[in-house]
file final.cif (mmCIF, C-alpha atoms)
data_query
loop_
_atom_site.label_atom_id
_atom_site.label_comp_id
_atom_site.auth_asym_id
_atom_site.auth_seq_id
_atom_site.Cartn_x
_atom_site.Cartn_y
_atom_site.Cartn_z
CA MET Z 6 6.14 -39.45 -21.31
CA SER Z 7 7.93 -36.50 -19.71
CA LYS Z 8 11.68 -36.80 -19.35
CA GLU Z 9 12.96 -36.68 -15.76
CA PHE Z 10 15.78 -34.56 -14.34
CA ASN Z 11 17.61 -34.39 -11.03
CA THR Z 12 15.45 -32.25 -8.73
CA GLN Z 13 18.37 -30.61 -6.93
CA LYS Z 14 19.98 -29.58 -10.21
CA VAL Z 15 16.72 -28.11 -11.48
CA LEU Z 16 16.32 -26.16 -8.24
CA GLU Z 17 19.88 -24.80 -8.48
CA LEU Z 18 19.25 -23.83 -12.12
CA ALA Z 19 16.06 -22.06 -10.98
CA CYS Z 20 18.18 -20.02 -8.56
CA SER Z 21 20.61 -19.23 -11.36
CA ALA Z 22 17.74 -18.15 -13.64
CA GLN Z 23 16.39 -15.90 -10.88
CA ARG Z 24 19.84 -14.32 -10.54
CA LEU Z 25 20.02 -13.82 -14.31
CA ASN Z 26 16.58 -12.25 -14.76
CA GLY Z 27 16.52 -10.49 -11.39
CA GLU Z 28 12.94 -11.68 -10.98
CA TYR Z 29 10.57 -14.46 -11.96
CA LEU Z 30 9.41 -14.10 -15.56
CA LYS Z 31 6.55 -16.33 -16.65
CA GLU Z 32 6.26 -14.92 -20.16
CA MET Z 33 8.76 -13.71 -22.73
CA THR Z 34 9.14 -9.92 -22.79
CA ALA Z 35 10.68 -7.66 -25.42
CA VAL Z 36 13.33 -5.04 -24.66
CA TYR Z 37 13.26 -2.02 -27.01
CA ASP Z 38 15.87 0.55 -28.03
CA ASP Z 39 15.31 4.32 -28.11
CA ASN Z 40 13.80 4.06 -31.60
CA GLY Z 41 11.21 1.49 -30.60
CA ALA Z 42 12.96 -1.46 -32.28
CA VAL Z 43 13.32 -4.75 -30.42
CA ARG Z 44 16.87 -5.18 -29.11
CA PHE Z 45 16.34 -8.62 -27.59
CA TYR Z 46 13.81 -10.70 -25.70
CA ARG Z 47 13.94 -11.66 -22.03
CA GLN Z 48 13.10 -15.33 -21.81
CA PRO Z 49 11.08 -16.84 -18.93
CA ASN Z 50 13.04 -18.48 -16.13
CA LYS Z 51 11.59 -21.85 -17.13
CA THR Z 52 12.88 -21.49 -20.70
CA HIS Z 53 16.44 -20.81 -19.49
CA ILE Z 54 16.22 -23.90 -17.26
CA LEU Z 55 14.91 -26.16 -20.03
CA TYR Z 56 17.58 -24.92 -22.44
CA SER Z 57 20.32 -25.49 -19.86
CA LEU Z 58 19.05 -29.04 -19.29
CA GLY Z 59 19.05 -29.76 -23.01
CA ALA Z 60 15.28 -30.24 -22.94
CA ILE Z 61 14.92 -27.68 -25.75
CA VAL Z 62 17.35 -26.87 -28.57
CA TRP Z 63 17.99 -23.67 -30.49
CA GLY Z 64 18.43 -23.93 -34.23
CA ASN Z 65 20.37 -21.52 -36.45
CA GLU Z 66 17.16 -20.54 -38.22
CA GLN Z 67 15.64 -19.15 -35.02
CA ASP Z 68 15.83 -15.47 -34.07
CA PRO Z 69 19.11 -15.02 -32.12
CA ARG Z 70 17.52 -12.18 -30.13
CA MET Z 71 15.26 -14.76 -28.51
CA MET Z 72 17.98 -17.26 -27.63
CA PRO Z 73 17.95 -18.46 -23.99
CA VAL Z 74 21.07 -18.45 -21.82
CA ARG Z 75 22.89 -21.62 -20.81
CA LEU Z 76 22.86 -21.12 -17.05
CA GLN Z 77 25.93 -21.55 -14.86
CA ILE Z 78 25.40 -22.70 -11.27
CA ASP Z 79 27.62 -21.06 -8.66
CA GLN Z 80 27.96 -21.33 -4.90
CA GLN Z 81 25.27 -18.78 -4.12
CA ASP Z 82 22.78 -20.72 -6.26
CA THR Z 83 23.56 -23.93 -4.36
CA GLU Z 84 23.22 -22.14 -1.01
CA LEU Z 85 19.92 -20.52 -2.02
CA ALA Z 86 18.60 -23.90 -3.18
CA ASP Z 87 19.44 -25.36 0.24
CA ASP Z 88 17.74 -22.45 1.99
CA ILE Z 89 14.62 -22.95 -0.14
CA ARG Z 90 14.48 -26.62 0.79
CA LYS Z 91 14.80 -25.82 4.51
CA PHE Z 92 12.16 -23.09 4.34
CA PHE Z 93 9.53 -25.22 2.63
CA LYS Z 94 10.33 -28.12 4.94
CA ARG Z 95 9.36 -25.85 7.86
CA LEU Z 96 6.02 -25.30 6.13
CA LEU Z 97 5.53 -29.06 5.82
CA PHE Z 98 3.03 -29.18 8.69
CA SER Z 99 0.51 -26.96 6.92
CA ALA Z 100 1.21 -28.80 3.66
CA VAL Z 101 0.48 -32.17 5.27
CA LYS Z 102 -2.78 -30.78 6.60
CA GLY Z 103 -3.61 -29.83 3.02
CA GLU Z 104 -4.23 -26.18 3.79
CA ASN Z 105 -2.13 -24.97 0.86
CA GLU Z 106 -2.18 -26.91 -2.40
CA PHE Z 107 0.94 -25.18 -3.74
CA GLU Z 108 2.98 -25.98 -0.60
CA THR Z 109 1.74 -29.56 -0.72
CA LYS Z 110 2.86 -29.87 -4.35
CA VAL Z 111 6.23 -28.23 -3.70
CA ASN Z 112 7.02 -30.48 -0.77
CA ALA Z 113 6.09 -33.55 -2.82
CA ILE Z 114 8.41 -32.36 -5.60
CA LEU Z 115 11.32 -31.59 -3.28
CA SER Z 116 10.94 -34.97 -1.58
CA ASN Z 117 11.67 -36.80 -4.84
CA GLU Z 118 15.10 -37.16 -6.40
CA LEU Z 119 13.77 -36.91 -9.95
CA LEU Z 120 11.49 -34.26 -11.46
CA PRO Z 121 9.38 -34.70 -14.62
CA SER Z 122 9.96 -31.98 -17.20
CA ASN Z 123 6.27 -31.03 -17.14
CA GLU Z 124 6.65 -29.99 -13.46
CA ILE Z 125 9.71 -27.77 -13.91
CA GLY Z 126 7.46 -24.71 -13.87
CA TYR Z 127 6.75 -25.30 -10.17
CA VAL Z 128 10.47 -25.23 -9.38
CA ALA Z 129 11.24 -22.30 -11.70
CA CYS Z 130 9.16 -19.94 -9.55
CA LEU Z 131 10.43 -21.18 -6.16
CA PRO Z 132 13.26 -18.64 -5.66
CA SER Z 133 10.78 -15.81 -6.16
CA VAL Z 134 8.14 -17.46 -3.95
CA TYR Z 135 10.77 -18.13 -1.28
CA VAL Z 136 11.84 -14.48 -1.10
CA ARG Z 137 8.22 -13.28 -0.93
CA GLU Z 138 7.15 -15.80 1.70
CA LYS Z 139 10.29 -15.36 3.78
CA ASN Z 140 9.83 -11.58 3.81
CA LYS Z 141 6.18 -12.08 4.80
CA TYR Z 142 7.21 -14.45 7.59
CA ASN Z 143 9.91 -12.07 8.87
CA LEU Z 144 7.51 -9.11 8.69
CA GLU Z 145 4.87 -10.89 10.76
CA LYS Z 146 7.41 -12.10 13.32
CA ARG Z 147 9.02 -8.66 13.69
CA ILE Z 148 5.74 -6.77 13.97
CA LYS Z 149 4.39 -9.18 16.59
CA THR Z 150 7.49 -8.65 18.75
CA ALA Z 151 7.38 -4.84 18.51
CA ASP Z 152 6.46 -2.71 21.51
CA GLU Z 153 2.89 -1.54 22.00
CA GLY Z 154 2.10 2.14 21.61
CA TRP Z 155 3.03 4.85 19.14
CA LEU Z 156 6.32 6.46 18.23
CA ALA Z 157 5.36 10.01 19.24
CA ASP Z 158 2.41 12.40 19.45
CA VAL Z 159 0.56 13.44 16.30
CA GLY Z 160 2.14 16.57 14.79
CA GLN Z 161 5.53 15.96 16.40
CA THR Z 162 8.69 15.84 14.29
CA VAL Z 163 11.21 13.04 14.81
CA LEU Z 164 14.85 13.46 13.85
CA ASP Z 165 17.83 11.17 13.30
CA ARG Z 166 16.32 7.80 14.28
CA ASP Z 167 17.70 4.37 13.41
CA GLY Z 168 15.14 2.09 11.84
CA GLU Z 169 14.55 -1.11 9.93
CA ILE Z 170 12.55 -1.40 6.71
CA LEU Z 171 10.36 -4.51 6.96
CA SER Z 172 8.29 -4.21 3.81
CA CYS Z 173 8.20 -1.99 0.72
CA GLN Z 174 5.41 -2.72 -1.72
CA ARG Z 175 4.17 -0.86 -4.75
CA SER Z 176 0.84 0.84 -4.05
CA LYS Z 177 -2.13 -0.35 -6.09
CA ASN Z 178 -3.81 3.06 -5.92
CA PHE Z 179 -0.95 5.60 -5.95
CA ASP Z 180 2.32 6.19 -7.75
CA ALA Z 181 4.29 5.38 -4.61
CA TRP Z 182 5.50 2.63 -2.30
CA ASN Z 183 3.87 1.46 0.94
CA VAL Z 184 6.57 1.13 3.59
CA ASP Z 185 6.33 -0.75 6.91
CA ALA Z 186 9.22 -0.22 9.31
CA ILE Z 187 10.38 -0.35 12.91
CA ILE Z 188 11.72 2.72 14.76
CA ASP Z 189 12.56 2.51 18.47
CA ASN Z 190 10.89 -0.93 18.36
CA LYS Z 191 7.58 0.69 17.36
CA VAL Z 192 5.75 -0.09 14.11
CA VAL Z 193 5.57 2.80 11.64
CA SER Z 194 4.49 3.21 8.02
CA TRP Z 195 4.55 5.81 5.28
CA MET Z 196 4.24 6.35 1.54
CA SER Z 197 7.58 6.67 -0.26
CA GLN Z 198 8.20 8.09 -3.73
CA LYS Z 199 11.04 5.61 -4.23
CA GLU Z 200 11.54 1.95 -3.45
CA LEU Z 201 13.51 1.31 -0.26
CA LYS Z 202 15.60 -1.78 0.44
CA LEU Z 203 14.67 -4.09 3.28
CA GLY Z 204 17.00 -3.73 6.24
CA PRO Z 205 18.64 -0.88 8.16
CA THR Z 206 17.74 2.73 7.49
CA VAL Z 207 18.17 6.12 9.13
CA ILE Z 208 15.10 8.35 9.40
CA ILE Z 209 16.69 11.75 9.01
CA LYS Z 210 13.40 13.56 9.49
CA ALA Z 211 9.69 12.67 9.62
CA LYS Z 212 6.46 14.07 10.94
CA ILE Z 213 3.85 12.07 12.87
CA LYS Z 214 0.72 12.07 10.72
CA GLU Z 215 -1.67 9.87 12.72
CA HIS Z 216 -2.06 6.93 15.06
CA GLY Z 217 -3.79 3.74 13.99
CA PHE Z 218 -3.61 -0.04 13.92
CA HIS Z 219 -2.00 -2.33 11.36
CA TRP Z 220 -4.69 -3.54 8.93
CA LYS Z 221 -3.53 -7.16 9.18
CA TYR Z 222 -1.71 -7.66 12.49
CA LYS Z 223 -3.76 -5.14 14.54
CA ASN Z 224 -0.65 -3.74 16.27
CA PRO Z 225 -0.55 -0.01 17.04
CA ILE Z 226 1.06 1.70 14.04
CA THR Z 227 2.31 5.26 13.63
CA ARG Z 228 1.69 6.80 10.21
CA LEU Z 229 4.41 9.20 9.07
CA ASN Z 230 4.66 11.79 6.33
CA TYR Z 231 7.35 14.11 4.96
CA VAL Z 232 9.81 11.26 5.57
CA LYS Z 233 13.46 11.67 4.62
CA ALA Z 234 15.22 8.31 4.90
CA ALA Z 235 18.80 7.28 4.11
CA GLN Z 236 20.21 3.82 3.45
#

call {"tool": "encode", "arguments": {"input": "final.cif", "output": "structure tokens"}}
result
Amino acid sequence: MSKEFNTQKVLELACSAQRLNGEYLKEMTAVYDDNGAVRFYRQPNKTHILYSLGAIVWGNEQDPRMMPVRLQIDQQDTELADDIRKFFKRLLFSAVKGENEFETKVNAILSNELLPSNEIGYVACLPSVYVREKNKYNLEKRIKTADEGWLADVGQTVLDRDGEILSCQRSKNFDAWNVDAIIDNKVVSWMSQKELKLGPTVIIKAKIKEHGFHWKYKNPITRLNYVKAAQ
């Protein structure tokens, strides 16, 4: 039978693992030096959690480059764990209706004080899922409250405008980033050669490329090019 652990502690360790790796890793990945030799291995978030719980041990005969980290929980991990609980609780209605199997499973897990070790993988990914889903929720809410219409006429140049980056996702077809943003409470988008952080930005200069409608939310959207943004 699977050993059980305190669900809150596992969730806080998941937040700590996310902070350590900077992302959710499902598989172990090697990190190489300039000569192509393996320097060390980045362990999956789940492995760090299991090691920190004492669910797996590391013997002296094992490769030290693969050794997991014994995670330390700090205040920001505890706060993030609380935020994750609140966020998924708000999604409880759709989970109860059974529209999303993952949300249903997560809410069942978070409703129990103890968590079997064979379900730790669900919790290990939650910080990453939370950030993605929260950003998606905020994007939809912000776009739906934006003003109708376009930022300016096609061909016009806009200068020195305050804006807000809502989404920045790697393009599947181009070596660039797809950016959704708000300027003057109008929805705009462009392709960026570098990743931009979500939040405030200043559009130093941009040219109006075309008018269109958001592929998902159907709002009027102004496509920009030759964008110079500062954060």

call {"tool": "resolve_selection", "arguments": {"input": "final.cif", "expression": "the PyMOL selection byres ((chain Z and resi 216) around 9)", "output": "number ranges by chain"}}
result
Z: 155-156, 158-159, 213-215, 217-218, 225-228

call {"tool": "resolve_selection", "arguments": {"input": "final.cif", "expression": "the PyMOL selection byres ((chain Z and resi 162-165) around 9)", "output": "mmCIF file with C-alpha atoms, in the frame of the given file"}}
result
data_model
loop_
_atom_site.group_PDB
_atom_site.id
_atom_site.type_symbol
_atom_site.label_atom_id
_atom_site.label_comp_id
_atom_site.auth_asym_id
_atom_site.auth_seq_id
_atom_site.Cartn_x
_atom_site.Cartn_y
_atom_site.Cartn_z
ATOM 1 C CA LEU Z 156 6.320 6.460 18.230
ATOM 2 C CA ALA Z 157 5.360 10.010 19.240
ATOM 3 C CA ASP Z 158 2.410 12.400 19.450
ATOM 4 C CA VAL Z 159 0.560 13.440 16.300
ATOM 5 C CA GLY Z 160 2.140 16.570 14.790
ATOM 6 C CA GLN Z 161 5.530 15.960 16.400
ATOM 7 C CA ARG Z 166 16.320 7.800 14.280
ATOM 8 C CA ASP Z 167 17.700 4.370 13.410
ATOM 9 C CA VAL Z 207 18.170 6.120 9.130
ATOM 10 C CA ILE Z 208 15.100 8.350 9.400
ATOM 11 C CA ILE Z 209 16.690 11.750 9.010
ATOM 12 C CA LYS Z 210 13.400 13.560 9.490
ATOM 13 C CA ALA Z 211 9.690 12.670 9.620
ATOM 14 C CA LYS Z 212 6.460 14.070 10.940
ATOM 15 C CA ILE Z 213 3.850 12.070 12.870
#

call {"tool": "residues_around", "arguments": {"input": "final.cif", "residues": "Ala113 in chain Z", "least_positions_apart": "2", "cutoff": "12 Å", "atoms": "all atoms listed in the file", "output": "number ranges by chain"}}
result
Z: 12, 90, 93-94, 97, 100-101, 103, 106-111, 115-120, 124, 127-128

call {"tool": "closest_atom_pairs", "arguments": {"input": "final.cif", "of": "range 49-151 of chain Z", "to": "range 180-201 of chain Z", "cutoff": "10 Å", "atoms": "only C-alpha atoms", "output": "CSV"}}
result
residue,atom,partner,partner_atom,distance
Z:Leu144,CA,Z:Asp185,CA,8.6
Z:Arg147,CA,Z:Ile187,CA,8.5
Z:Ile148,CA,Z:Val192,CA,6.7
Z:Lys149,CA,Z:Val192,CA,9.5
Z:Thr150,CA,Z:Asn190,CA,8.4
Z:Ala151,CA,Z:Asn190,CA,5.3

call {"tool": "resolve_selection", "arguments": {"input": "final.cif", "expression": "the PyMOL selection byres ((chain Z and resi 29) around 8)", "output": "number ranges by chain"}}
result
Z: 23, 26-28, 30-31, 49-50, 129-130, 133

call {"tool": "atom_distance", "arguments": {"input": "final.cif", "atom1": "CA of Asn123 in chain Z", "atom2": "CA of Phe45 in chain Z"}}
result
26.7 Å

call {"tool": "atom_distance", "arguments": {"input": "final.cif", "atom1": "CA of Met72 in chain Z", "atom2": "CA of Tyr46 in chain Z"}}
result
8.0 Å

call {"tool": "residues_around", "arguments": {"input": "final.cif", "residues": "Trp63 in chain Z", "least_positions_apart": "4", "cutoff": "9 Å", "atoms": "all atoms listed in the file", "output": "PyMOL selection string"}}
result
chain Z and resi 56+67+69+72-73

call {"tool": "atom_distance", "arguments": {"input": "final.cif", "atom1": "CA of Ile61 in chain Z", "atom2": "CA of Val74 in chain Z"}}
result
11.8 Å

call {"tool": "closest_residue", "arguments": {"input": "final.cif", "among": "Z:Leu76, Z:Ala19, Z:Leu131, Z:Ala234", "to": "Lys51 in chain Z", "atoms": "all atoms listed in the file"}}
result
Z:Ala19
